[in-house]
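Asks: Have a peek at final28.txt (compact mmCIF, C-alpha atoms and all ligand atoms).
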```
# COMPACT_ATOMS: atom_id res chain seq x y z
CA MET A 287 8.75 1.05 27.52
CA ASN A 288 9.79 1.53 23.87
CA LYS A 289 10.66 5.11 22.92
CA ILE A 290 9.46 6.22 19.50
CA LEU A 291 10.52 9.53 17.94
CA ILE A 292 8.38 10.99 15.16
CA ILE A 293 10.32 13.50 13.04
CA GLY A 294 8.28 16.19 11.23
CA ARG A 295 5.45 16.69 13.71
CA GLU A 296 3.86 19.59 11.79
CA GLY A 297 3.40 18.01 8.37
CA GLN A 298 0.30 16.13 7.24
CA LEU A 299 1.55 12.74 8.35
CA GLY A 300 3.34 14.04 11.44
CA SER A 301 0.22 15.88 12.62
CA THR A 302 -1.85 12.76 12.04
CA PHE A 303 0.62 10.69 14.08
CA HIS A 304 0.49 13.28 16.83
CA GLU A 305 -3.30 13.06 16.92
CA GLN A 306 -3.32 9.24 16.89
CA THR A 307 -0.59 8.68 19.47
CA ARG A 308 -1.76 11.19 22.06
CA GLU A 309 -3.76 8.59 24.00
CA LEU A 310 -1.60 5.52 23.33
CA SER A 311 0.17 3.91 26.26
CA TRP A 312 2.02 0.95 24.66
CA ALA A 313 5.03 3.18 23.78
CA ASP A 314 6.48 6.53 24.75
CA PHE A 315 6.05 8.90 21.78
CA SER A 316 7.93 12.13 21.22
CA TYR A 317 8.17 14.48 18.24
CA THR A 318 10.38 17.01 16.52
CA THR A 319 9.50 20.09 14.48
CA VAL A 320 11.71 22.17 12.23
CA ASP A 321 12.41 24.37 15.28
CA THR A 322 13.61 21.52 17.49
CA LEU A 323 15.42 19.58 14.73
CA ASN A 324 16.27 21.43 11.53
CA LEU A 325 17.21 18.78 8.99
CA MET A 326 18.96 21.33 6.78
CA ASP A 327 21.76 21.34 9.33
CA SER A 328 23.89 18.19 9.78
CA SER A 329 25.43 19.46 12.99
CA ALA A 330 21.93 20.10 14.43
CA ILE A 331 21.12 16.43 13.74
CA CYS A 332 24.28 15.30 15.56
CA SER A 333 23.69 17.53 18.54
CA PHE A 334 19.99 16.67 18.79
CA PHE A 335 20.71 12.95 19.09
CA LYS A 336 23.78 13.30 21.28
CA ASP A 337 22.96 11.68 24.64
CA LYS A 338 19.47 10.64 23.42
CA LYS A 339 18.24 7.10 23.00
CA PHE A 340 15.18 5.94 21.05
CA ASP A 341 14.05 2.48 19.98
CA TYR A 342 12.35 3.64 16.76
CA LEU A 343 12.69 6.74 14.58
CA ILE A 344 9.88 7.50 12.13
CA ASN A 345 10.85 10.12 9.55
CA CYS A 346 7.80 12.04 8.27
CA ALA A 347 9.79 15.16 7.35
CA ALA A 348 10.60 15.85 3.72
CA TYR A 349 10.80 18.45 1.01
CA THR A 350 7.40 17.85 -0.63
CA ALA A 351 7.01 20.86 -2.96
CA VAL A 352 7.17 18.75 -6.13
CA ASP A 353 7.17 21.64 -8.62
CA ARG A 354 9.39 23.97 -6.57
CA ALA A 355 11.98 21.19 -6.31
CA GLU A 356 12.74 21.67 -10.01
CA THR A 357 14.24 25.10 -9.19
CA GLU A 358 15.49 24.22 -5.67
CA PRO A 359 17.19 20.88 -6.29
CA ALA A 360 19.87 21.42 -3.62
CA VAL A 361 17.32 21.91 -0.85
CA ALA A 362 15.24 18.94 -2.04
CA TRP A 363 18.41 16.83 -2.15
CA ARG A 364 19.49 17.93 1.31
CA LEU A 365 16.11 17.15 2.93
CA ASN A 366 15.12 14.07 0.93
CA ALA A 367 18.46 12.34 0.44
CA GLU A 368 21.18 13.59 2.81
CA ALA A 369 19.10 14.16 5.95
CA PRO A 370 17.48 10.69 5.83
CA LYS A 371 20.98 9.20 5.50
CA GLU A 372 22.13 11.09 8.58
CA LEU A 373 18.99 10.04 10.50
CA ALA A 374 19.67 6.42 9.52
CA GLU A 375 23.23 6.85 10.79
CA GLU A 376 21.92 8.14 14.12
CA ALA A 377 19.47 5.24 14.30
CA THR A 378 22.33 2.80 13.71
CA ARG A 379 24.46 4.50 16.35
CA MET A 380 21.75 4.23 19.01
CA ASN A 381 20.63 0.76 17.85
CA ALA A 382 17.18 2.05 16.91
CA ARG A 383 14.96 0.87 14.05
CA PHE A 384 14.48 3.44 11.28
CA ILE A 385 11.17 3.88 9.45
CA HIS A 386 11.29 6.23 6.48
CA ILE A 387 8.50 7.43 4.18
CA SER A 388 8.94 7.62 0.42
CA THR A 389 6.78 8.17 -2.62
CA ASP A 390 5.23 6.73 -5.78
CA TYR A 391 7.10 9.52 -7.64
CA VAL A 392 10.23 7.34 -7.54
CA PHE A 393 8.57 5.61 -10.49
CA GLY A 394 8.58 6.99 -14.02
CA GLY A 395 5.75 7.20 -16.49
CA GLU A 396 6.21 3.94 -18.37
CA HIS A 397 4.04 1.59 -16.27
CA SER A 398 0.55 0.18 -16.71
CA ARG A 399 0.41 -2.58 -14.05
CA PRO A 400 0.40 -2.14 -10.23
CA LEU A 401 3.90 -1.25 -9.05
CA LYS A 402 5.67 -3.67 -6.72
CA PRO A 403 8.40 -2.51 -4.33
CA GLU A 404 10.99 -4.10 -6.61
CA THR A 405 9.61 -2.59 -9.86
CA PRO A 406 12.51 -0.63 -11.43
CA GLN A 407 12.51 3.00 -10.34
CA THR A 408 13.15 5.67 -12.96
CA PRO A 409 11.94 8.97 -11.50
CA ASP A 410 11.31 11.85 -13.89
CA SER A 411 11.29 14.76 -11.42
CA VAL A 412 13.87 16.28 -9.06
CA TYR A 413 11.54 15.42 -6.16
CA GLY A 414 11.28 11.77 -7.28
CA LYS A 415 15.05 11.52 -7.83
CA SER A 416 15.82 13.05 -4.42
CA LYS A 417 13.38 10.68 -2.68
CA LEU A 418 14.87 7.68 -4.50
CA GLN A 419 18.37 8.77 -3.49
CA GLY A 420 17.08 9.01 0.10
CA GLU A 421 15.84 5.42 -0.08
CA LEU A 422 19.21 4.22 -1.39
CA GLU A 423 21.17 6.17 1.24
CA VAL A 424 18.95 4.87 4.06
CA MET A 425 19.24 1.26 2.92
CA GLN A 426 22.99 1.56 2.41
CA GLN A 427 23.46 3.06 5.84
CA GLN A 428 20.97 0.84 7.66
CA PRO A 429 19.75 -2.18 5.63
CA GLU A 430 17.49 -3.13 8.53
CA SER A 431 15.27 -0.09 7.87
CA ILE A 432 11.64 -0.06 6.78
CA ILE A 433 10.82 2.25 3.88
CA ILE A 434 7.15 2.80 3.09
CA ARG A 435 6.27 4.36 -0.24
CA THR A 436 2.91 6.04 -0.34
CA SER A 437 0.95 8.06 -2.91
CA TRP A 438 -1.39 11.06 -3.20
CA LEU A 439 -1.36 11.71 0.55
CA TYR A 440 -4.13 13.86 1.98
CA SER A 441 -5.59 14.71 5.37
CA ARG A 442 -7.28 17.57 7.12
CA TYR A 443 -3.81 18.98 7.93
CA GLY A 444 -1.42 20.95 5.76
CA LYS A 445 -1.72 21.47 2.03
CA ASN A 446 -3.16 18.76 -0.16
CA PHE A 447 -5.43 18.05 -3.14
CA LEU A 448 -8.54 17.50 -1.02
CA LYS A 449 -8.19 20.86 0.71
CA THR A 450 -7.42 22.67 -2.55
CA MET A 451 -10.49 21.13 -4.21
CA LEU A 452 -12.75 22.02 -1.27
CA GLN A 453 -11.55 25.64 -1.38
CA LEU A 454 -11.77 26.03 -5.16
CA GLY A 455 -15.01 24.07 -5.51
CA LYS A 456 -16.83 26.46 -3.20
CA LYS A 457 -15.65 29.49 -5.22
CA ARG A 458 -15.81 28.33 -8.84
CA ASP A 459 -18.51 27.00 -11.16
CA SER A 460 -16.13 24.66 -12.97
CA LEU A 461 -12.61 23.30 -12.68
CA ASN A 462 -10.29 21.54 -15.13
CA VAL A 463 -8.69 18.43 -13.63
CA VAL A 464 -6.39 15.91 -15.32
CA PHE A 465 -7.81 12.46 -16.08
CA ASP A 466 -4.67 10.90 -17.59
CA GLN A 467 -2.76 10.51 -14.30
CA VAL A 468 -3.96 7.43 -12.50
CA GLY A 469 -3.09 6.31 -8.99
CA THR A 470 -4.60 5.91 -5.54
CA PRO A 471 -5.21 8.55 -2.87
CA THR A 472 -3.99 7.76 0.64
CA LEU A 473 -5.60 9.12 3.76
CA ALA A 474 -2.77 10.03 6.17
CA ASP A 475 -4.85 8.57 9.03
CA ASP A 476 -4.77 5.15 7.35
CA LEU A 477 -1.03 5.30 6.74
CA ALA A 478 -0.27 6.40 10.31
CA GLU A 479 -2.57 3.69 11.66
CA ALA A 480 -0.87 1.05 9.49
CA ILE A 481 2.59 2.07 10.76
CA LEU A 482 1.42 2.07 14.37
CA THR A 483 -0.17 -1.35 13.86
CA ILE A 484 3.11 -2.67 12.47
CA LEU A 485 5.08 -1.25 15.41
CA LYS A 486 2.60 -2.55 17.96
CA LYS A 487 2.76 -6.03 16.42
CA ILE A 488 6.57 -5.98 16.47
CA ILE A 489 6.80 -4.65 20.01
CA SER A 490 4.23 -7.13 21.33
CA GLY A 491 6.07 -10.00 19.60
CA GLU A 492 3.11 -10.84 17.36
CA LYS A 493 5.25 -10.17 14.27
CA GLU A 494 8.97 -10.28 13.65
CA PHE A 495 10.66 -7.10 12.46
CA THR A 496 10.97 -7.46 8.67
CA PRO A 497 12.96 -4.69 7.01
CA GLY A 498 12.64 -3.62 3.37
CA VAL A 499 10.65 -1.44 1.02
CA PHE A 500 6.86 -1.65 1.29
CA HIS A 501 4.00 0.04 -0.55
CA PHE A 502 0.98 1.53 1.18
CA SER A 503 -1.89 3.51 -0.33
CA ASN A 504 -5.62 3.09 -0.03
CA GLU A 505 -7.23 0.40 -2.21
CA GLY A 506 -8.72 1.08 -5.63
CA VAL A 507 -7.67 3.18 -8.57
CA CYS A 508 -8.71 6.61 -9.86
CA SER A 509 -7.56 9.64 -11.79
CA TRP A 510 -7.29 13.10 -10.22
CA PHE A 511 -10.47 13.89 -12.19
CA ASP A 512 -12.31 10.97 -10.50
CA PHE A 513 -10.92 12.01 -7.11
CA SER A 514 -12.17 15.58 -7.49
CA LYS A 515 -15.60 14.36 -8.69
CA ALA A 516 -15.85 12.16 -5.57
CA ILE A 517 -14.74 15.03 -3.29
CA PHE A 518 -17.47 17.31 -4.68
CA TYR A 519 -20.12 14.58 -4.66
CA GLU A 520 -19.40 13.61 -1.05
CA SER A 521 -19.27 17.25 0.06
CA GLY A 522 -22.42 18.39 -1.75
CA ILE A 523 -20.43 20.91 -3.85
CA SER A 524 -21.98 21.57 -7.24
CA CYS A 525 -18.79 22.67 -9.09
CA LYS A 526 -18.51 21.04 -12.53
CA VAL A 527 -15.31 19.06 -13.14
CA VAL A 528 -13.91 19.11 -16.69
CA PRO A 529 -11.51 16.28 -17.61
CA VAL A 530 -8.32 17.54 -19.27
CA GLU A 531 -5.07 15.91 -20.35
CA SER A 532 -1.82 16.72 -18.56
CA ASP A 533 -0.45 18.59 -21.58
CA GLN A 534 -3.31 21.10 -21.16
CA PHE A 535 -2.18 21.62 -17.58
CA PRO A 536 1.62 21.98 -17.75
CA THR A 537 3.55 21.84 -14.46
CA PRO A 538 7.30 22.33 -13.88
CA ALA A 539 7.71 18.72 -12.64
CA SER A 540 6.44 15.79 -14.64
CA ARG A 541 4.34 13.25 -12.75
CA PRO A 542 3.96 9.53 -13.41
CA ALA A 543 0.92 8.79 -15.60
CA TYR A 544 0.34 5.53 -13.73
CA SER A 545 1.44 5.01 -10.12
CA VAL A 546 -0.98 2.46 -8.68
CA MET A 547 0.96 0.50 -6.07
CA ASP A 548 0.78 -3.22 -5.30
CA LYS A 549 0.34 -3.57 -1.53
CA THR A 550 0.60 -7.36 -1.28
CA LYS A 551 3.91 -7.23 0.61
CA ILE A 552 2.73 -5.01 3.49
CA ARG A 553 -0.57 -6.92 3.70
CA ASN A 554 1.13 -10.32 3.84
CA THR A 555 4.15 -9.40 5.95
CA TYR A 556 2.41 -7.42 8.64
CA GLY A 557 -1.27 -8.40 8.27
CA ILE A 558 -2.36 -4.87 7.37
CA GLU A 559 -5.94 -4.31 6.23
CA ILE A 560 -6.44 -1.47 3.77
CA GLU A 561 -9.58 0.56 3.11
CA HIS A 562 -10.88 1.63 -0.31
CA TRP A 563 -10.05 5.25 -1.14
CA GLN A 564 -13.74 6.21 -1.37
CA ASP A 565 -14.47 4.90 2.14
CA SER A 566 -11.44 6.75 3.48
CA LEU A 567 -12.45 9.96 1.70
CA ARG A 568 -15.90 9.76 3.37
CA LYS A 569 -14.23 9.10 6.73
CA CYS A 570 -11.96 12.14 6.28
CA LEU A 571 -14.78 14.47 5.20
CA LYS A 572 -16.95 13.33 8.11
CA LYS A 573 -14.13 14.10 10.55
CA THR A 574 -13.29 17.41 8.83
CA ASN A 575 -16.92 18.57 8.92
CA GLY A 576 -17.34 17.39 12.51
N1 LIG B 1 2.05 14.76 0.18
C1 LIG B 1 1.96 13.76 -0.71
O1 LIG B 1 1.10 13.75 -1.61
C2 LIG B 1 2.91 12.60 -0.61
C3 LIG B 1 2.79 11.57 -1.53
C4 LIG B 1 3.67 10.49 -1.44
C5 LIG B 1 4.63 10.45 -0.46
N2 LIG B 1 4.74 11.48 0.42
C6 LIG B 1 5.78 11.41 1.44
O2 LIG B 1 5.13 11.26 2.69
C7 LIG B 1 5.90 11.89 3.72
C8 LIG B 1 5.03 12.84 4.50
O3 LIG B 1 4.50 13.80 3.60
P1 LIG B 1 3.55 14.98 4.09
O4 LIG B 1 2.57 15.23 3.00
O5 LIG B 1 3.10 14.72 5.49
O6 LIG B 1 4.59 16.16 4.05
P2 LIG B 1 4.37 17.68 4.51
O7 LIG B 1 2.99 17.90 4.99
O8 LIG B 1 4.92 18.55 3.45
O9 LIG B 1 5.31 17.76 5.79
C9 LIG B 1 6.70 17.74 5.67
C10 LIG B 1 7.30 18.02 7.00
O10 LIG B 1 8.70 18.16 6.83
C11 LIG B 1 9.09 19.26 7.61
N3 LIG B 1 10.29 19.90 7.16
C12 LIG B 1 10.52 20.63 6.05
N4 LIG B 1 11.75 21.15 6.08
C13 LIG B 1 12.31 20.76 7.25
C14 LIG B 1 13.55 20.99 7.86
N5 LIG B 1 14.49 21.76 7.31
N6 LIG B 1 13.79 20.43 9.06
C15 LIG B 1 12.85 19.68 9.67
N7 LIG B 1 11.64 19.43 9.15
C16 LIG B 1 11.38 19.97 7.95
C17 LIG B 1 7.94 20.23 7.49
O11 LIG B 1 8.03 21.21 8.51
P3 LIG B 1 7.30 22.62 8.30
O12 LIG B 1 5.82 22.30 8.28
O13 LIG B 1 7.70 23.41 9.49
O14 LIG B 1 7.80 23.14 7.00
C18 LIG B 1 6.78 19.29 7.66
O15 LIG B 1 6.56 19.06 9.03
C19 LIG B 1 7.08 12.54 3.01
O16 LIG B 1 8.18 11.69 3.06
C20 LIG B 1 6.63 12.65 1.57
O17 LIG B 1 7.71 12.65 0.67
C21 LIG B 1 3.90 12.56 0.38
```
Please re-express this file's structure in structure tokens.

Replies:
Amino acid sequence: MNKILIIGREGQLGSTFHEQTRELSWADFSYTTVDTLNLMDSSAICSFFKDKKFDYLINCAAYTAVDRAETEPAVAWRLNAEAPKELAEEATRMNARFIHISTDYVFGGEHSRPLKPETPQTPDSVYGKSKLQGELEVMQQQPESIIIRTSWLYSRYGKNFLKTMLQLGKKRDSLNVVFDQVGTPTLADDLAEAILTILKKIISGEKEFTPGVFHFSNEGVCSWFDFSKAIFYESGISCKVVPVESDQFPTPASRPAYSVMDKTKIRNTYGIEIEHWQDSLRKCLKKTNG
């Protein structure tokens, strides 16, 4: 049976994988946390993989504090660029396939059409630059890797925009939310399910392993303002949402104004079906509220 290691078990995506793989029997899944594999430490990576053999490594761990990265660039670089390279090296050594997650923040603010995997990347933030460097290191080390860029990830786990809005919306009468940053939310459940579908198709022989950079988000387009309006509407929260421009809401890291991703490649290569963000939001809220 194929052995699949999921790195970063306690993050949003890692927790979602853990939930989704618990009952699966077509592969043998195991997981690491920061306590069992600390990616800050190269020697810990070497000793963890010594004498171990996996068929697939899925890296969900990252430094994701986008604003804090501006003042902690060395840590962001270590976790988002150097550690993925070392994981790709380990994958190569044990002849495993490496699946790495990246971000829409590798793109800069100059776009207005859906971004393809090959669209030139010009990140504006330390986080975006460190994630792009991670992609380059992974592909240099192991060109047979799969890198999946995603955007605006949320789930019922960890910290994310949905959870922040639900907390604030219950306490406040009104909230200012930017309407000039446009993209697509991604429910972590849908991303984890897409990756598991890809792996199952490869393992069963239904699809050939095709490496490269792929984009995955939910379907549709919205601003953070639209997303918060939908969250409150679907949750029956009466908080008013006031649209503001990004310059009224300064943050240490700049974010791309437009980061809608073109998902044609993942759809065509692996036959992945993708839900609209509003349907996925409803699905998430239903699950969150029991
Ligand atoms: N969140 C988003 O909006 C978003 C958008 C686009 C792309 N992405 C990408 O999607 C992937 C998953 O994101 P996510 O939202 O699930 O991230 P997350 O919730 O922040 O989880 C990150 C994980 O990395 C782990 N980690 C941090 N430092 C570590 C270390 N030194 N050693 C080992 N593990 C460490 C964390 O462990 P602890 O919990 O113990 O700290 C956590 O399990 C990442 O590659 C991210 O860049 C995220």

Asks: Mind running chain A against ligand LIG 1 (chain B) at 8 Å and telling me each contacting residue's nearest atom pair with the distance in Å (one decimal), counting all atoms listed in the file, chain and number ascending, as a tab-separated table?

Replies:
```
residue	atom	partner	partner_atom	distance
A:Ile293	CA	B:LIG1	N7	7.2
A:Gly294	CA	B:LIG1	O15	4.0
A:Arg295	CA	B:LIG1	O15	5.4
A:Glu296	CA	B:LIG1	O15	3.9
A:Gly297	CA	B:LIG1	O9	3.2
A:Gln298	CA	B:LIG1	O5	3.6
A:Leu299	CA	B:LIG1	O5	3.8
A:Gly300	CA	B:LIG1	O5	6.0
A:Ser301	CA	B:LIG1	O5	7.8
A:Thr318	CA	B:LIG1	C15	7.8
A:Thr319	CA	B:LIG1	N7	5.8
A:Val320	CA	B:LIG1	C15	3.7
A:Asp321	CA	B:LIG1	C15	7.3
A:Leu323	CA	B:LIG1	C15	5.7
A:Asn324	CA	B:LIG1	N6	3.6
A:Leu325	CA	B:LIG1	N6	3.8
A:Met326	CA	B:LIG1	N5	4.5
A:Asp327	CA	B:LIG1	N5	7.6
A:Asn345	CA	B:LIG1	O16	7.2
A:Cys346	CA	B:LIG1	C8	4.7
A:Ala347	CA	B:LIG1	O10	3.2
A:Ala348	CA	B:LIG1	O10	4.3
A:Tyr349	CA	B:LIG1	C12	5.5
A:Thr350	CA	B:LIG1	O8	4.8
A:Ala351	CA	B:LIG1	O8	7.1
A:Leu365	CA	B:LIG1	N5	6.6
A:Asn366	CA	B:LIG1	O17	7.5
A:His386	CA	B:LIG1	O16	7.2
A:Ile387	CA	B:LIG1	O16	4.4
A:Ser388	CA	B:LIG1	O16	4.9
A:Thr389	CA	B:LIG1	C5	3.8
A:Asp390	CA	B:LIG1	C4	6.0
A:Tyr391	CA	B:LIG1	C4	7.2
A:Lys417	CA	B:LIG1	O17	6.9
A:Arg435	CA	B:LIG1	C5	6.3
A:Thr436	CA	B:LIG1	C4	4.6
A:Ser437	CA	B:LIG1	C4	3.9
A:Trp438	CA	B:LIG1	O1	4.0
A:Leu439	CA	B:LIG1	O1	3.9
A:Tyr440	CA	B:LIG1	O1	6.3
A:Tyr443	CA	B:LIG1	O7	7.5
A:Gly444	CA	B:LIG1	O7	5.4
A:Lys445	CA	B:LIG1	O7	6.6
A:Asn446	CA	B:LIG1	N1	6.6
A:Phe447	CA	B:LIG1	O1	8.0
A:Ala474	CA	B:LIG1	O5	7.5
```

Asks: Output C-alpha atoms for every residue in the selection just made, as a PDB file, in the frame of the given file.

Replies:
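The result, stored in out-v8.pdb:
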```
ATOM      1  CA  ILE A 293      10.320  13.500  13.040  1.00  0.00           C
ATOM      2  CA  GLY A 294       8.280  16.190  11.230  1.00  0.00           C
ATOM      3  CA  ARG A 295       5.450  16.690  13.710  1.00  0.00           C
ATOM      4  CA  GLU A 296       3.860  19.590  11.790  1.00  0.00           C
ATOM      5  CA  GLY A 297       3.400  18.010   8.370  1.00  0.00           C
ATOM      6  CA  GLN A 298       0.300  16.130   7.240  1.00  0.00           C
ATOM      7  CA  LEU A 299       1.550  12.740   8.350  1.00  0.00           C
ATOM      8  CA  GLY A 300       3.340  14.040  11.440  1.00  0.00           C
ATOM      9  CA  SER A 301       0.220  15.880  12.620  1.00  0.00           C
ATOM     10  CA  THR A 318      10.380  17.010  16.520  1.00  0.00           C
ATOM     11  CA  THR A 319       9.500  20.090  14.480  1.00  0.00           C
ATOM     12  CA  VAL A 320      11.710  22.170  12.230  1.00  0.00           C
ATOM     13  CA  ASP A 321      12.410  24.370  15.280  1.00  0.00           C
ATOM     14  CA  LEU A 323      15.420  19.580  14.730  1.00  0.00           C
ATOM     15  CA  ASN A 324      16.270  21.430  11.530  1.00  0.00           C
ATOM     16  CA  LEU A 325      17.210  18.780   8.990  1.00  0.00           C
ATOM     17  CA  MET A 326      18.960  21.330   6.780  1.00  0.00           C
ATOM     18  CA  ASP A 327      21.760  21.340   9.330  1.00  0.00           C
ATOM     19  CA  ASN A 345      10.850  10.120   9.550  1.00  0.00           C
ATOM     20  CA  CYS A 346       7.800  12.040   8.270  1.00  0.00           C
ATOM     21  CA  ALA A 347       9.790  15.160   7.350  1.00  0.00           C
ATOM     22  CA  ALA A 348      10.600  15.850   3.720  1.00  0.00           C
ATOM     23  CA  TYR A 349      10.800  18.450   1.010  1.00  0.00           C
ATOM     24  CA  THR A 350       7.400  17.850  -0.630  1.00  0.00           C
ATOM     25  CA  ALA A 351       7.010  20.860  -2.960  1.00  0.00           C
ATOM     26  CA  LEU A 365      16.110  17.150   2.930  1.00  0.00           C
ATOM     27  CA  ASN A 366      15.120  14.070   0.930  1.00  0.00           C
ATOM     28  CA  HIS A 386      11.290   6.230   6.480  1.00  0.00           C
ATOM     29  CA  ILE A 387       8.500   7.430   4.180  1.00  0.00           C
ATOM     30  CA  SER A 388       8.940   7.620   0.420  1.00  0.00           C
ATOM     31  CA  THR A 389       6.780   8.170  -2.620  1.00  0.00           C
ATOM     32  CA  ASP A 390       5.230   6.730  -5.780  1.00  0.00           C
ATOM     33  CA  TYR A 391       7.100   9.520  -7.640  1.00  0.00           C
ATOM     34  CA  LYS A 417      13.380  10.680  -2.680  1.00  0.00           C
ATOM     35  CA  ARG A 435       6.270   4.360  -0.240  1.00  0.00           C
ATOM     36  CA  THR A 436       2.910   6.040  -0.340  1.00  0.00           C
ATOM     37  CA  SER A 437       0.950   8.060  -2.910  1.00  0.00           C
ATOM     38  CA  TRP A 438      -1.390  11.060  -3.200  1.00  0.00           C
ATOM     39  CA  LEU A 439      -1.360  11.710   0.550  1.00  0.00           C
ATOM     40  CA  TYR A 440      -4.130  13.860   1.980  1.00  0.00           C
ATOM     41  CA  TYR A 443      -3.810  18.980   7.930  1.00  0.00           C
ATOM     42  CA  GLY A 444      -1.420  20.950   5.760  1.00  0.00           C
ATOM     43  CA  LYS A 445      -1.720  21.470   2.030  1.00  0.00           C
ATOM     44  CA  ASN A 446      -3.160  18.760  -0.160  1.00  0.00           C
ATOM     45  CA  PHE A 447      -5.430  18.050  -3.140  1.00  0.00           C
ATOM     46  CA  ALA A 474      -2.770  10.030   6.170  1.00  0.00           C
TER      47      ALA A 474
END
```

Asks: Between atom CA of A:Ala543 and atom CA of A:Phe465, what distance in Å does the model show, to one decimal?

Replies: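 Between atom CA of A:Ala543 and atom CA of A:Phe465 the gap works out to 9.5 Å.
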
Asks: Report the distance between atom CA of A:Leu418 and atom CA of A:Glu404 in Å, rounded to one decimal place.

Replies: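 These atoms are spaced 12.6 Å apart.
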
Asks: Counting only C-alpha atoms, what is within 9 Å of A:Asp476, bar same-chain residues fewer than 6 positions away, as a list in words?

Replies: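 That gives Ser503, Asn504, Ile560, Glu561 and Ser566 of chain A.
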
Asks: So which one's closest to A:Ala539, A:Ile290, A:Ala355, A:Ala362, A:Leu473? Using only C-alpha atoms, please.

Replies: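 Residue with the minimum atom-to-atom distance to A:Ala539: A:Ala355.
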
Asks: In Å, with one decimal, what is the gap from atom CA of A:Ile434 to atom CA of A:Gly506?

Replies: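 So the answer is 18.2 Å.
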
Asks: Residues within 10 Å of A:Thr408, please, as number ranges by chain. Count all atoms listed in the file; anything in the same chain fewer than 2 positions from it doesn't count.

Replies: A: 391-396, 405-406, 410-411, 414-415, 418, 542

Asks: Restricting the calculation to only C-alpha atoms, which member of A:Arg458, A:Lys573, A:Lys371, A:Arg354 is positioned closest to A:Ile331?

Replies: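 Of A:Arg458, A:Lys573, A:Lys371, A:Arg354, the one nearest A:Ile331, counting only C-alpha atoms, is A:Lys371.
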
Asks: Which of these, A:Arg379, A:Lys456, A:Arg364, A:His501, has the shortest distance to A:Tyr413 once you count all atoms listed in the file?

Replies: A:Arg364
